[in-house]
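The data block below is entry22.csv; it holds CSV, C-alpha atoms.
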chain,number,residue,atom,x,y,z
A,1,GLN,CA,107.6,68.1,107.0
A,2,VAL,CA,108.9,71.4,105.6
A,3,THR,CA,112.7,71.4,105.5
A,4,GLY,CA,115.5,72.2,103.1
A,5,TYR,CA,115.8,74.5,100.1
A,6,LEU,CA,113.0,76.6,98.6
A,7,ASP,CA,112.5,76.5,94.8
A,8,ASP,CA,113.8,79.5,92.9
A,9,CYS,CA,115.9,80.6,95.9
A,10,THR,CA,119.3,79.8,97.4
A,11,CYS,CA,117.7,79.9,100.8
A,12,ASP,CA,116.5,77.1,103.1
A,13,VAL,CA,113.7,76.8,105.7
A,14,GLU,CA,116.0,76.4,108.7
A,15,THR,CA,118.0,79.6,108.1
A,16,ILE,CA,114.7,81.6,107.8
A,17,ASP,CA,113.3,80.0,111.0
A,18,ALA,CA,116.4,80.8,113.1
A,19,PHE,CA,116.7,84.4,111.8
A,20,ASN,CA,113.0,85.2,112.2
A,21,ASN,CA,112.2,83.5,115.5
A,22,TYR,CA,115.2,84.6,117.4
A,23,LYS,CA,116.2,87.9,115.8
A,24,LEU,CA,113.5,89.6,113.8
A,25,PHE,CA,110.1,88.7,115.0
A,26,PRO,CA,110.4,89.8,118.7
A,27,ARG,CA,111.5,93.3,117.5
A,28,LEU,CA,108.8,93.4,114.8
A,29,ASN,CA,106.1,92.5,117.2
A,30,GLU,CA,107.0,95.3,119.5
A,31,LEU,CA,106.9,97.8,116.6
A,32,LEU,CA,103.5,96.6,115.5
A,33,GLU,CA,102.0,97.2,119.0
A,34,SER,CA,103.0,100.9,118.8
A,35,ASP,CA,100.4,103.6,118.0
A,36,TYR,CA,101.8,104.4,114.5
A,37,PHE,CA,101.4,100.8,113.3
A,38,ARG,CA,98.2,99.7,115.1
A,39,TYR,CA,95.8,102.1,113.5
A,40,TYR,CA,94.9,101.4,109.9
A,41,LYS,CA,92.3,103.4,107.9
A,42,VAL,CA,90.1,101.3,105.8
A,43,ASN,CA,86.8,101.5,103.9
A,44,LEU,CA,84.9,98.3,104.5
A,45,GLN,CA,81.7,99.6,102.8
A,46,LYS,CA,83.0,99.5,99.2
A,47,PRO,CA,80.7,97.3,97.0
A,48,CYS,CA,82.1,94.2,95.3
A,49,PRO,CA,83.0,95.3,91.7
A,50,PHE,CA,82.8,91.8,90.2
A,51,TRP,CA,79.5,90.3,91.2
A,52,GLU,CA,76.3,91.0,93.1
A,53,ASP,CA,77.2,90.4,96.7
A,54,ASN,CA,74.5,89.9,99.3
A,55,SER,CA,76.5,87.4,101.3
A,56,HIS,CA,77.6,89.4,104.3
A,57,CYS,CA,78.5,87.3,107.2
A,58,GLY,CA,75.9,87.8,109.9
A,59,MET,CA,78.0,86.3,112.7
A,60,ARG,CA,79.2,88.9,115.3
A,61,ASP,CA,82.8,87.6,115.1
A,62,CYS,CA,82.8,88.9,111.5
A,63,ALA,CA,82.2,92.4,112.7
A,64,VAL,CA,85.0,95.1,112.9
A,65,GLN,CA,85.0,97.6,115.7
A,66,PRO,CA,86.1,101.0,114.3
A,67,CYS,CA,87.9,103.5,116.6
A,68,PRO,CA,86.1,106.5,117.9
A,69,SER,CA,88.1,109.4,116.3
A,70,ASP,CA,89.2,110.8,119.7
A,71,GLU,CA,91.1,107.5,120.4
A,72,VAL,CA,93.2,107.9,117.3
A,73,PRO,CA,96.4,109.9,118.0
A,74,ASP,CA,96.2,113.5,116.6
A,75,GLY,CA,99.3,113.1,114.5
A,76,ILE,CA,97.9,110.1,112.7
A,77,ARG,CA,94.6,111.9,111.9
A,78,ALA,CA,96.4,115.0,110.7
A,79,GLY,CA,98.8,113.0,108.6
A,80,SER,CA,95.9,111.4,106.7
A,81,TYR,CA,94.7,114.8,105.4
A,82,LYS,CA,95.9,115.8,102.0
A,83,TYR,CA,98.1,118.9,102.2
A,84,SER,CA,99.8,121.1,99.7
A,85,GLU,CA,101.3,124.5,99.9
A,86,GLU,CA,98.6,126.1,97.8
A,87,ALA,CA,95.9,124.5,99.9
A,88,ASN,CA,97.2,126.2,103.0
A,89,ASN,CA,96.3,129.5,101.4
A,90,LEU,CA,92.7,128.6,100.8
A,91,ALA,CA,90.4,129.4,103.7
A,92,GLU,CA,88.0,126.6,102.6
A,93,GLU,CA,90.7,124.0,102.7
A,94,CYS,CA,91.8,125.3,106.1
A,95,GLU,CA,88.3,124.8,107.5
A,96,GLU,CA,88.4,121.3,106.2
A,97,ALA,CA,91.8,120.8,107.7
A,98,LYS,CA,90.6,122.0,111.1
A,99,ARG,CA,87.6,119.6,110.9
A,100,LEU,CA,89.9,116.6,110.2
A,101,GLY,CA,92.4,117.5,112.9
A,102,ALA,CA,94.9,119.8,111.4
A,103,VAL,CA,98.7,119.5,111.7
A,104,ASP,CA,99.9,121.0,115.0
A,105,ASP,CA,101.3,124.5,114.4
A,106,SER,CA,103.9,124.1,117.1
A,107,LEU,CA,105.8,121.6,115.0
A,108,SER,CA,109.0,122.6,113.3
A,109,LYS,CA,108.8,123.3,109.6
A,110,GLU,CA,110.8,120.2,108.8
A,111,THR,CA,108.5,117.9,110.8
A,112,ARG,CA,105.5,119.5,109.2
A,113,GLN,CA,106.9,118.9,105.7
A,114,ALA,CA,107.6,115.2,106.7
A,115,VAL,CA,104.1,114.7,107.9
A,116,LEU,CA,102.4,116.4,104.9
A,117,GLN,CA,104.5,114.5,102.4
A,118,TRP,CA,102.8,111.1,103.3
A,119,ALA,CA,99.6,112.3,101.8
A,120,GLN,CA,100.9,114.0,98.7
A,121,HIS,CA,101.6,110.8,96.8
A,122,ASP,CA,98.4,109.7,95.0
A,123,ASP,CA,97.7,106.2,93.8
A,124,SER,CA,100.0,106.5,90.8
A,125,SER,CA,101.0,104.2,88.0
A,126,ASP,CA,103.6,102.4,90.1
A,127,SER,CA,101.0,101.1,92.5
A,128,PHE,CA,100.2,97.4,92.7
A,129,CYS,CA,97.0,97.9,94.7
A,130,GLN,CA,93.6,99.5,94.3
A,131,ALA,CA,94.0,101.9,97.2
A,132,ASP,CA,91.0,102.8,99.3
A,133,ASP,CA,89.9,106.4,99.2
A,134,ILE,CA,90.8,107.1,102.8
A,135,HIS,CA,89.1,110.5,102.5
A,136,SER,CA,85.7,108.9,101.9
A,137,PRO,CA,83.2,109.4,104.6
A,138,ASP,CA,83.0,105.5,104.8
A,139,ALA,CA,86.7,105.1,105.6
A,140,GLU,CA,87.3,104.6,109.3
A,141,TYR,CA,90.3,103.9,111.6
A,142,VAL,CA,90.6,100.4,112.9
A,143,ASP,CA,92.7,99.4,115.9
A,144,LEU,CA,94.4,96.2,114.5
A,145,LEU,CA,95.2,95.0,118.0
A,146,LEU,CA,91.5,95.0,119.0
A,147,ASN,CA,90.4,93.3,115.7
A,148,PRO,CA,92.8,90.4,115.4
A,149,GLU,CA,92.9,88.1,112.4
A,150,ARG,CA,91.3,84.8,113.5
A,151,TYR,CA,88.6,82.3,112.6
A,152,THR,CA,85.2,84.0,112.4
A,153,GLY,CA,83.0,81.2,111.1
A,154,TYR,CA,83.2,82.7,107.5
A,155,LYS,CA,83.5,79.6,105.2
A,156,GLY,CA,81.7,77.6,102.6
A,157,PRO,CA,80.7,78.6,99.0
A,158,ASP,CA,81.2,82.4,99.6
A,159,ALA,CA,84.7,82.1,101.0
A,160,TRP,CA,85.5,79.5,98.3
A,161,LYS,CA,84.3,81.8,95.5
A,162,ILE,CA,86.9,84.5,96.6
A,163,TRP,CA,89.9,82.2,96.4
A,164,ASN,CA,88.6,80.5,93.3
A,165,SER,CA,88.4,83.8,91.4
A,166,ILE,CA,91.9,84.8,92.7
A,167,TYR,CA,93.4,81.5,91.4
A,168,GLU,CA,91.3,81.0,88.3
A,169,GLU,CA,91.4,84.5,86.9
A,170,ASN,CA,94.5,86.2,88.4
A,171,CYS,CA,97.3,83.7,88.5
A,172,PHE,CA,98.4,83.6,84.9
A,173,LYS,CA,96.6,80.3,84.5
A,174,PRO,CA,96.8,78.9,81.0
A,175,GLN,CA,93.3,78.7,79.3
A,176,ASN,CA,93.6,75.0,78.6
A,177,VAL,CA,93.8,74.1,82.3
A,178,LYS,CA,90.3,73.3,83.5
A,179,ARG,CA,89.0,71.9,86.7
A,180,PRO,CA,85.5,71.1,88.0
A,181,LEU,CA,84.0,74.1,89.7
A,182,ALA,CA,82.8,72.1,92.7
A,183,SER,CA,82.7,74.2,95.8
A,184,GLY,CA,83.9,71.6,98.3
A,185,ARG,CA,86.6,72.8,100.6
A,186,GLY,CA,88.1,74.7,97.7
A,187,GLU,CA,91.5,73.8,99.0
A,188,SER,CA,92.8,71.4,96.4
A,189,PHE,CA,94.6,73.5,93.7
A,190,ILE,CA,96.7,70.4,92.8
A,191,TYR,CA,96.1,71.0,89.1
A,192,LEU,CA,97.9,74.3,89.3
A,193,THR,CA,101.2,72.9,90.6
A,194,LYS,CA,101.6,70.7,87.5
A,195,TRP,CA,101.9,73.8,85.2
A,196,VAL,CA,103.6,76.0,87.8
A,197,SER,CA,106.8,74.2,87.2
A,198,ARG,CA,106.6,74.8,83.5
A,199,VAL,CA,105.9,78.6,83.4
A,200,CYS,CA,108.5,81.4,83.5
A,201,VAL,CA,110.1,82.4,86.8
A,202,GLU,CA,108.0,85.6,87.1
A,203,LYS,CA,104.6,83.9,86.6
A,204,ARG,CA,105.6,81.1,88.9
A,205,ALA,CA,106.7,83.7,91.5
A,206,PHE,CA,103.3,85.4,91.2
A,207,TYR,CA,101.4,82.2,91.8
A,208,ARG,CA,103.7,81.3,94.7
A,209,LEU,CA,103.1,84.7,96.4
A,210,ILE,CA,99.4,84.3,96.2
A,211,SER,CA,99.6,80.7,97.5
A,212,GLY,CA,101.9,81.9,100.3
A,213,LEU,CA,99.3,84.6,101.2
A,214,HIS,CA,96.6,82.0,101.2
A,215,ALA,CA,98.7,79.7,103.5
A,216,SER,CA,99.4,82.6,105.9
A,217,ILE,CA,95.7,83.4,106.2
A,218,ASN,CA,94.8,79.8,106.8
A,219,ILE,CA,97.5,79.4,109.4
A,220,HIS,CA,96.1,82.3,111.4
A,221,LEU,CA,92.6,81.0,111.2
A,222,SER,CA,93.8,77.6,112.4
A,223,ALA,CA,96.0,79.1,115.2
A,224,ARG,CA,93.2,81.4,116.5
A,225,TYR,CA,90.2,79.1,116.1
A,226,LEU,CA,86.9,79.4,118.0
A,227,LEU,CA,87.2,76.4,120.2
A,228,GLN,CA,84.4,77.1,122.6
A,229,ASP,CA,81.4,79.3,122.1
A,230,THR,CA,78.9,79.3,125.0
A,231,TRP,CA,76.7,82.1,126.3
A,232,SER,CA,79.2,82.6,129.2
A,233,GLU,CA,82.5,82.6,127.3
A,234,LYS,CA,84.4,82.3,124.0
A,235,LYS,CA,87.6,80.5,123.8
A,236,TRP,CA,90.1,80.9,120.9
A,237,GLY,CA,93.1,78.7,120.4
A,238,PRO,CA,95.0,76.3,118.0
A,239,ASN,CA,92.9,73.8,116.1
A,240,VAL,CA,95.4,71.1,115.0
A,241,THR,CA,92.8,69.2,113.0
A,242,GLU,CA,92.0,72.3,110.9
A,243,PHE,CA,95.7,72.9,110.3
A,244,GLN,CA,96.3,69.3,109.3
A,245,GLN,CA,93.4,69.3,106.8
A,246,ARG,CA,95.0,72.2,105.0
A,247,PHE,CA,98.7,71.4,105.3
A,248,ASP,CA,99.3,67.7,106.2
A,249,GLU,CA,101.2,66.0,103.4
A,250,VAL,CA,99.0,62.9,103.3
A,251,LEU,CA,95.7,64.6,103.8
A,252,THR,CA,96.4,67.1,101.0
A,253,SER,CA,98.0,64.6,98.5
A,254,GLY,CA,101.4,66.2,98.9
A,255,GLU,CA,100.2,69.8,98.4
A,256,GLY,CA,100.4,71.0,102.1
A,257,PRO,CA,104.2,71.2,102.4
A,258,ARG,CA,104.4,73.0,99.1
A,259,ARG,CA,101.9,75.6,100.3
A,260,LEU,CA,104.0,76.1,103.4
A,261,LYS,CA,107.1,76.5,101.3
A,262,ASN,CA,105.3,79.2,99.3
A,263,LEU,CA,104.7,81.0,102.7
A,264,TYR,CA,108.5,81.0,103.2
A,265,PHE,CA,108.9,82.3,99.6
A,266,LEU,CA,106.4,85.2,100.5
A,267,TYR,CA,108.5,85.9,103.6
A,268,LEU,CA,111.7,86.2,101.6
A,269,ILE,CA,110.1,88.6,99.1
A,270,GLU,CA,108.8,90.9,101.8
A,271,LEU,CA,112.1,90.7,103.7
A,272,ARG,CA,113.9,91.6,100.5
A,273,ALA,CA,111.7,94.7,100.1
A,274,LEU,CA,112.4,95.8,103.7
A,275,SER,CA,116.1,95.5,103.1
A,276,LYS,CA,115.8,97.6,99.9
A,277,VAL,CA,113.6,100.4,101.3
A,278,LEU,CA,116.1,101.4,104.1
A,279,PRO,CA,117.2,104.7,102.4
A,280,PHE,CA,113.6,106.0,102.4
A,281,PHE,CA,113.2,105.6,106.2
A,282,GLU,CA,116.8,106.5,107.1
A,283,ARG,CA,116.3,110.2,106.1
A,284,PRO,CA,116.2,112.5,109.1
A,285,SER,CA,113.1,114.1,107.7
A,286,PHE,CA,111.1,110.9,107.8
A,287,GLN,CA,109.2,110.5,111.1
A,288,LEU,CA,106.8,108.0,112.5
A,289,TYR,CA,104.6,110.9,113.6
A,290,THR,CA,101.9,110.3,116.1
A,291,GLY,CA,102.3,113.4,118.2
A,292,ASN,CA,104.1,111.6,121.1
A,293,LYS,CA,107.7,112.9,120.5
A,294,SER,CA,109.6,110.5,122.7
A,295,GLN,CA,107.7,107.4,121.6
A,296,ASP,CA,108.0,108.5,117.9
A,297,ALA,CA,111.8,108.7,118.2
A,298,GLU,CA,112.0,105.4,120.0
A,299,MET,CA,109.9,103.7,117.3
A,300,LYS,CA,111.9,105.1,114.5
A,301,HIS,CA,115.0,103.8,116.2
A,302,LEU,CA,113.4,100.3,116.4
A,303,LEU,CA,112.2,100.5,112.8
A,304,LEU,CA,115.7,101.3,111.6
A,305,GLU,CA,117.1,98.4,113.7
A,306,ILE,CA,114.6,96.0,112.0
A,307,LEU,CA,115.5,97.3,108.5
A,308,HIS,CA,119.2,97.0,109.2
A,309,LEU,CA,118.6,93.5,110.5
A,310,ALA,CA,116.6,92.7,107.3
A,311,LYS,CA,119.6,93.9,105.2
A,312,SER,CA,122.0,91.7,107.2
A,313,PHE,CA,120.1,88.5,106.2
A,314,PRO,CA,122.7,86.3,104.4
A,315,LEU,CA,120.5,84.5,101.8
A,316,HIS,CA,118.3,87.1,100.2
A,317,PHE,CA,116.1,86.3,97.3
A,318,ASP,CA,117.7,87.7,94.1
A,319,GLU,CA,115.0,89.7,92.3
A,320,ASN,CA,117.3,90.5,89.5
A,321,SER,CA,116.1,87.3,87.8
A,322,PHE,CA,112.7,89.1,87.4
A,323,PHE,CA,112.0,90.8,84.2
A,324,ALA,CA,115.6,90.4,83.1
A,325,GLY,CA,115.0,89.3,79.5
A,326,ASN,CA,114.0,91.3,76.4
A,327,LYS,CA,113.2,94.9,77.5
A,328,LYS,CA,109.9,95.1,75.7
A,329,GLU,CA,108.7,91.7,76.9
A,330,ALA,CA,109.9,92.5,80.4
A,331,ALA,CA,107.9,95.8,80.5
A,332,LYS,CA,104.8,94.0,79.2
A,333,LEU,CA,105.1,91.3,81.8
A,334,LYS,CA,105.7,93.7,84.6
A,335,GLU,CA,102.5,95.6,83.6
A,336,GLU,CA,100.6,92.4,83.5
A,337,PHE,CA,101.9,91.5,86.9
A,338,ARG,CA,100.8,94.8,88.3
A,339,LEU,CA,97.3,94.6,86.8
A,340,HIS,CA,96.8,91.0,88.0
A,341,PHE,CA,97.7,92.1,91.5
A,342,LYS,CA,95.6,95.2,91.4
A,343,ASN,CA,92.7,93.0,90.5
A,344,ILE,CA,93.3,90.7,93.5
A,345,SER,CA,93.3,93.8,95.7
A,346,LYS,CA,89.8,94.7,94.3
A,347,ILE,CA,88.5,91.2,94.9
A,348,MET,CA,89.1,91.8,98.7
A,349,ASP,CA,86.0,94.1,98.5
A,350,CYS,CA,83.9,91.0,97.8
A,351,VAL,CA,84.8,89.3,101.1
A,352,GLY,CA,81.6,88.9,103.0
A,353,CYS,CA,83.1,88.9,106.5
A,354,PHE,CA,84.3,92.3,107.5
A,355,LYS,CA,87.1,91.1,109.7
A,356,CYS,CA,88.4,88.8,106.9
A,357,ARG,CA,88.0,91.7,104.5
A,358,LEU,CA,90.0,94.0,106.8
A,359,TRP,CA,93.0,91.6,107.0
A,360,GLY,CA,92.7,90.6,103.4
A,361,LYS,CA,92.9,94.2,102.2
A,362,LEU,CA,95.7,95.0,104.6
A,363,GLN,CA,97.8,92.0,103.6
A,364,THR,CA,97.3,92.5,99.8
A,365,GLN,CA,98.2,96.2,100.2
A,366,GLY,CA,101.3,95.1,102.2
A,367,LEU,CA,102.4,92.7,99.5
A,368,GLY,CA,101.6,95.2,96.8
A,369,THR,CA,103.8,97.7,98.6
A,370,ALA,CA,106.6,95.2,98.8
A,371,LEU,CA,106.4,94.6,95.0
A,372,LYS,CA,106.3,98.4,94.4
A,373,ILE,CA,109.6,98.7,96.4
A,374,LEU,CA,111.3,95.9,94.5
A,375,PHE,CA,110.3,97.5,91.2
A,376,SER,CA,111.5,101.0,92.3
A,377,GLU,CA,115.0,100.1,93.2
A,378,LYS,CA,116.6,102.8,91.0
A,379,LEU,CA,114.3,105.5,92.3
A,380,ILE,CA,115.1,104.5,95.9
A,381,GLU,CA,118.8,104.7,95.3
A,382,LYS,CA,118.3,108.3,94.1
A,383,ILE,CA,116.5,109.5,97.2
A,384,PRO,CA,118.2,112.6,98.6
A,385,GLU,CA,119.2,112.6,102.2
A,386,SER,CA,117.2,115.7,102.9
A,387,GLY,CA,114.2,117.2,101.3
A,388,PRO,CA,111.3,115.5,99.5
A,389,SER,CA,111.8,112.2,97.7
A,390,TYR,CA,109.6,112.9,94.7
A,391,GLY,CA,110.6,109.9,92.7
A,392,PHE,CA,109.6,107.4,95.3
A,393,GLN,CA,107.1,107.9,98.0
A,394,LEU,CA,105.1,105.7,100.5
A,395,THR,CA,101.9,106.8,102.1
A,396,ARG,CA,101.3,106.1,105.8
A,397,GLN,CA,98.7,103.5,104.7
A,398,GLU,CA,101.3,101.6,102.6
A,399,ILE,CA,103.9,101.7,105.5
A,400,VAL,CA,101.4,100.3,108.0
A,401,ALA,CA,100.2,97.7,105.6
A,402,LEU,CA,103.8,96.6,104.6
A,403,PHE,CA,104.9,96.0,108.2
A,404,ASN,CA,101.7,94.4,109.4
A,405,ALA,CA,101.6,92.1,106.4
A,406,PHE,CA,105.2,91.0,107.1
A,407,GLY,CA,104.2,90.6,110.7
A,408,ARG,CA,101.5,88.2,109.7
As structure tokens, what does this structure read like?
Amino acid sequence: QVTGYLDDCTCDVETIDAFNNYKLFPRLNELLESDYFRYYKVNLQKPCPFWEDNSHCGMRDCAVQPCPSDEVPDGIRAGSYKYSEEANNLAEECEEAKRLGAVDDSLSKETRQAVLQWAQHDDSSDSFCQADDIHSPDAEYVDLLLNPERYTGYKGPDAWKIWNSIYEENCFKPQNVKRPLASGRGESFIYLTKWVSRVCVEKRAFYRLISGLHASINIHLSARYLLQDTWSEKKWGPNVTEFQQRFDEVLTSGEGPRRLKNLYFLYLIELRALSKVLPFFERPSFQLYTGNKSQDAEMKHLLLEILHLAKSFPLHFDENSFFAGNKKEAAKLKEEFRLHFKNISKIMDCVGCFKCRLWGKLQTQGLGTALKILFSEKLIEKIPESGPSYGFQLTRQEIVALFNAFGR
């Protein structure tokens, strides 16, 4: 049911399918299984900042299994520690560094600089996400391969409340658009599409990105559904009925195919960001540092292959139409965009199911990183081939989130 051109783009569904399924996804999948990309540090204990939340999902499939620290490669643990040249002179900081798994002294100076640089870039004004404090005692490493995104049984009013607050309060919805707050399936945002066609391209794009993210999450829940749960075994697999309820044209009054097209739109935006960020990763000083030299070199090679492939895509989304009008208006709109998105990333701390919270936080951070890249084009162009890239920086967290979100 989903074919042809996407709104606001010169691209069509068939071109994306062929490119992704045959060229890009097999390589990306291999990358995401590597040590650098499978460990994500996350704080799942942050309280919900918007409402009293006592709705934690008690089902065991909602739980996340953190990694014992000795399972996380040394290089990754060391790279998460904040380093600066002055800090190295302070004995107290050195003690802290040892405790957290310090950077290996046998590394060359250039490698050490590359590793330390990840952590130097704080959550600055160009960030679209409320970043976790990864130095908090509550932040833990999670192996994403051992905690896959799938249906956990988390649904009903609590799950509905999350999406409702995202759409109602954070999607540039005009005040005069009302709808009954009935917490049925919470799936039918039909009223939104009536005004989406009337708003400016930026606000429309924002709504479509969130809708695409929602579609992506719902597809994963339908594809890895708990089909059988007995004392002897659990069986996960595709639940076609669940998928149809969310996406079938007839069952969703025409909304389903539109949601899926928004997923393609999200794919194009993230693909565009990957094609733009190539200079950052191409520098010899940038390393996917885990401590395993040969694997790190191999994965960097694969990463660059994926980014060059992304660049070669023939029908990229043209982000130059974004914020192209009056400079003052454009700056105001961009800031609004950033704050709306930051708010959505905070809402993820209200998700009652920890596994859903983990993947929600990771995917919003990934999309936030893609937006940060698209809005930093001039800074990326100025990155020197060697030495630090002070104007534009990505933390390891952002890199892991960006590629895993795209992988989703």
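Interatomic distance, atom CA of Asp138 of chain A to atom CA of Lys46 of chain A: 8.2 Å.
Across the structure, atom CA of Leu213 of chain A and atom CA of Asn404 of chain A are spaced 13.0 Å apart.
Once segment 279-284 of chain A and its same-chain neighbours fewer than 5 positions away are set aside, Lys300, Leu303, Leu304, Leu307, Ile380, Glu381, Ile383, Pro384, Glu385, Ser386, Gly387, Ser389, Phe392, Gln393 and Leu394 of chain A remain within 9 Å of it when counting all atoms listed in the file.
Nearest residue to Lys355 of chain A among A:Tyr22, A:Tyr154, A:Tyr39, A:Phe128 is A:Tyr154, counting only C-alpha atoms.
Minimum atom-to-atom distance to Leu227 of chain A, evaluated using all atoms listed in the file, belongs to A:Thr152 out of A:Gln363, A:Thr3, A:Asn43, A:Thr152.
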Discussion item. Taking 4 positions as the minimum chain separation for residues in the same chain, which residues sit within 9 Å of Gly291 of chain A when counting all atoms listed in the file? Answer as a VMD selection string.
Written reply: chain A and resid 73 to 76 104 295 to 296
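Residue nearest Asp61 of chain A within the list A:Asn239, A:Thr252, A:Gln244, A:Asn147: A:Asn147 [criterion: smallest interatomic distance, all atoms listed in the file].
Going from atom CA of Ser376 of chain A to atom CA of Ala273 of chain A covers 10.0 Å.
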Can you check which parts of segment 241-339 of chain A lie within 12 Å of segment 343-350 of chain A? Per residue, the shortest pair of atoms and distance in Å to one decimal, counting all atoms listed in the file, sorted by chain and number, as JSON lines.
{"residue": "A:Glu336", "atom": "CA", "partner": "A:Asn343", "partner_atom": "CA", "distance": 10.6}
{"residue": "A:Phe337", "atom": "CA", "partner": "A:Asn343", "partner_atom": "CA", "distance": 10.0}
{"residue": "A:Arg338", "atom": "CA", "partner": "A:Asn343", "partner_atom": "CA", "distance": 8.6}
{"residue": "A:Leu339", "atom": "CA", "partner": "A:Asn343", "partner_atom": "CA", "distance": 6.1}
Worksheet entry | Proximity to Lys332 of chain A - best of A:Asp143, A:Glu202, A:Glu30, A:Glu71, all atoms listed in the file | A:Glu202
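Nearest to Gly256 of chain A of all the residues A:Phe19, A:Ala139, A:Asp70, A:Gly212 is A:Gly212, counting only C-alpha atoms.
All protein and nucleic acid residues in the vicinity of (111.8, 91.1, 103.8), that is within 9 Å when counting all atoms listed in the file, are Leu266, Tyr267, Leu268, Ile269, Glu270, Leu271, Arg272, Ala273, Leu274, Ser275, Lys276, Leu307, Ala310, Lys311, His316, Ala370 and Phe406 of chain A.
Residue nearest Lys23 of chain A, chosen from A:Lys372, A:His308, A:Arg396, A:Arg408 and counting only C-alpha atoms: A:His308.
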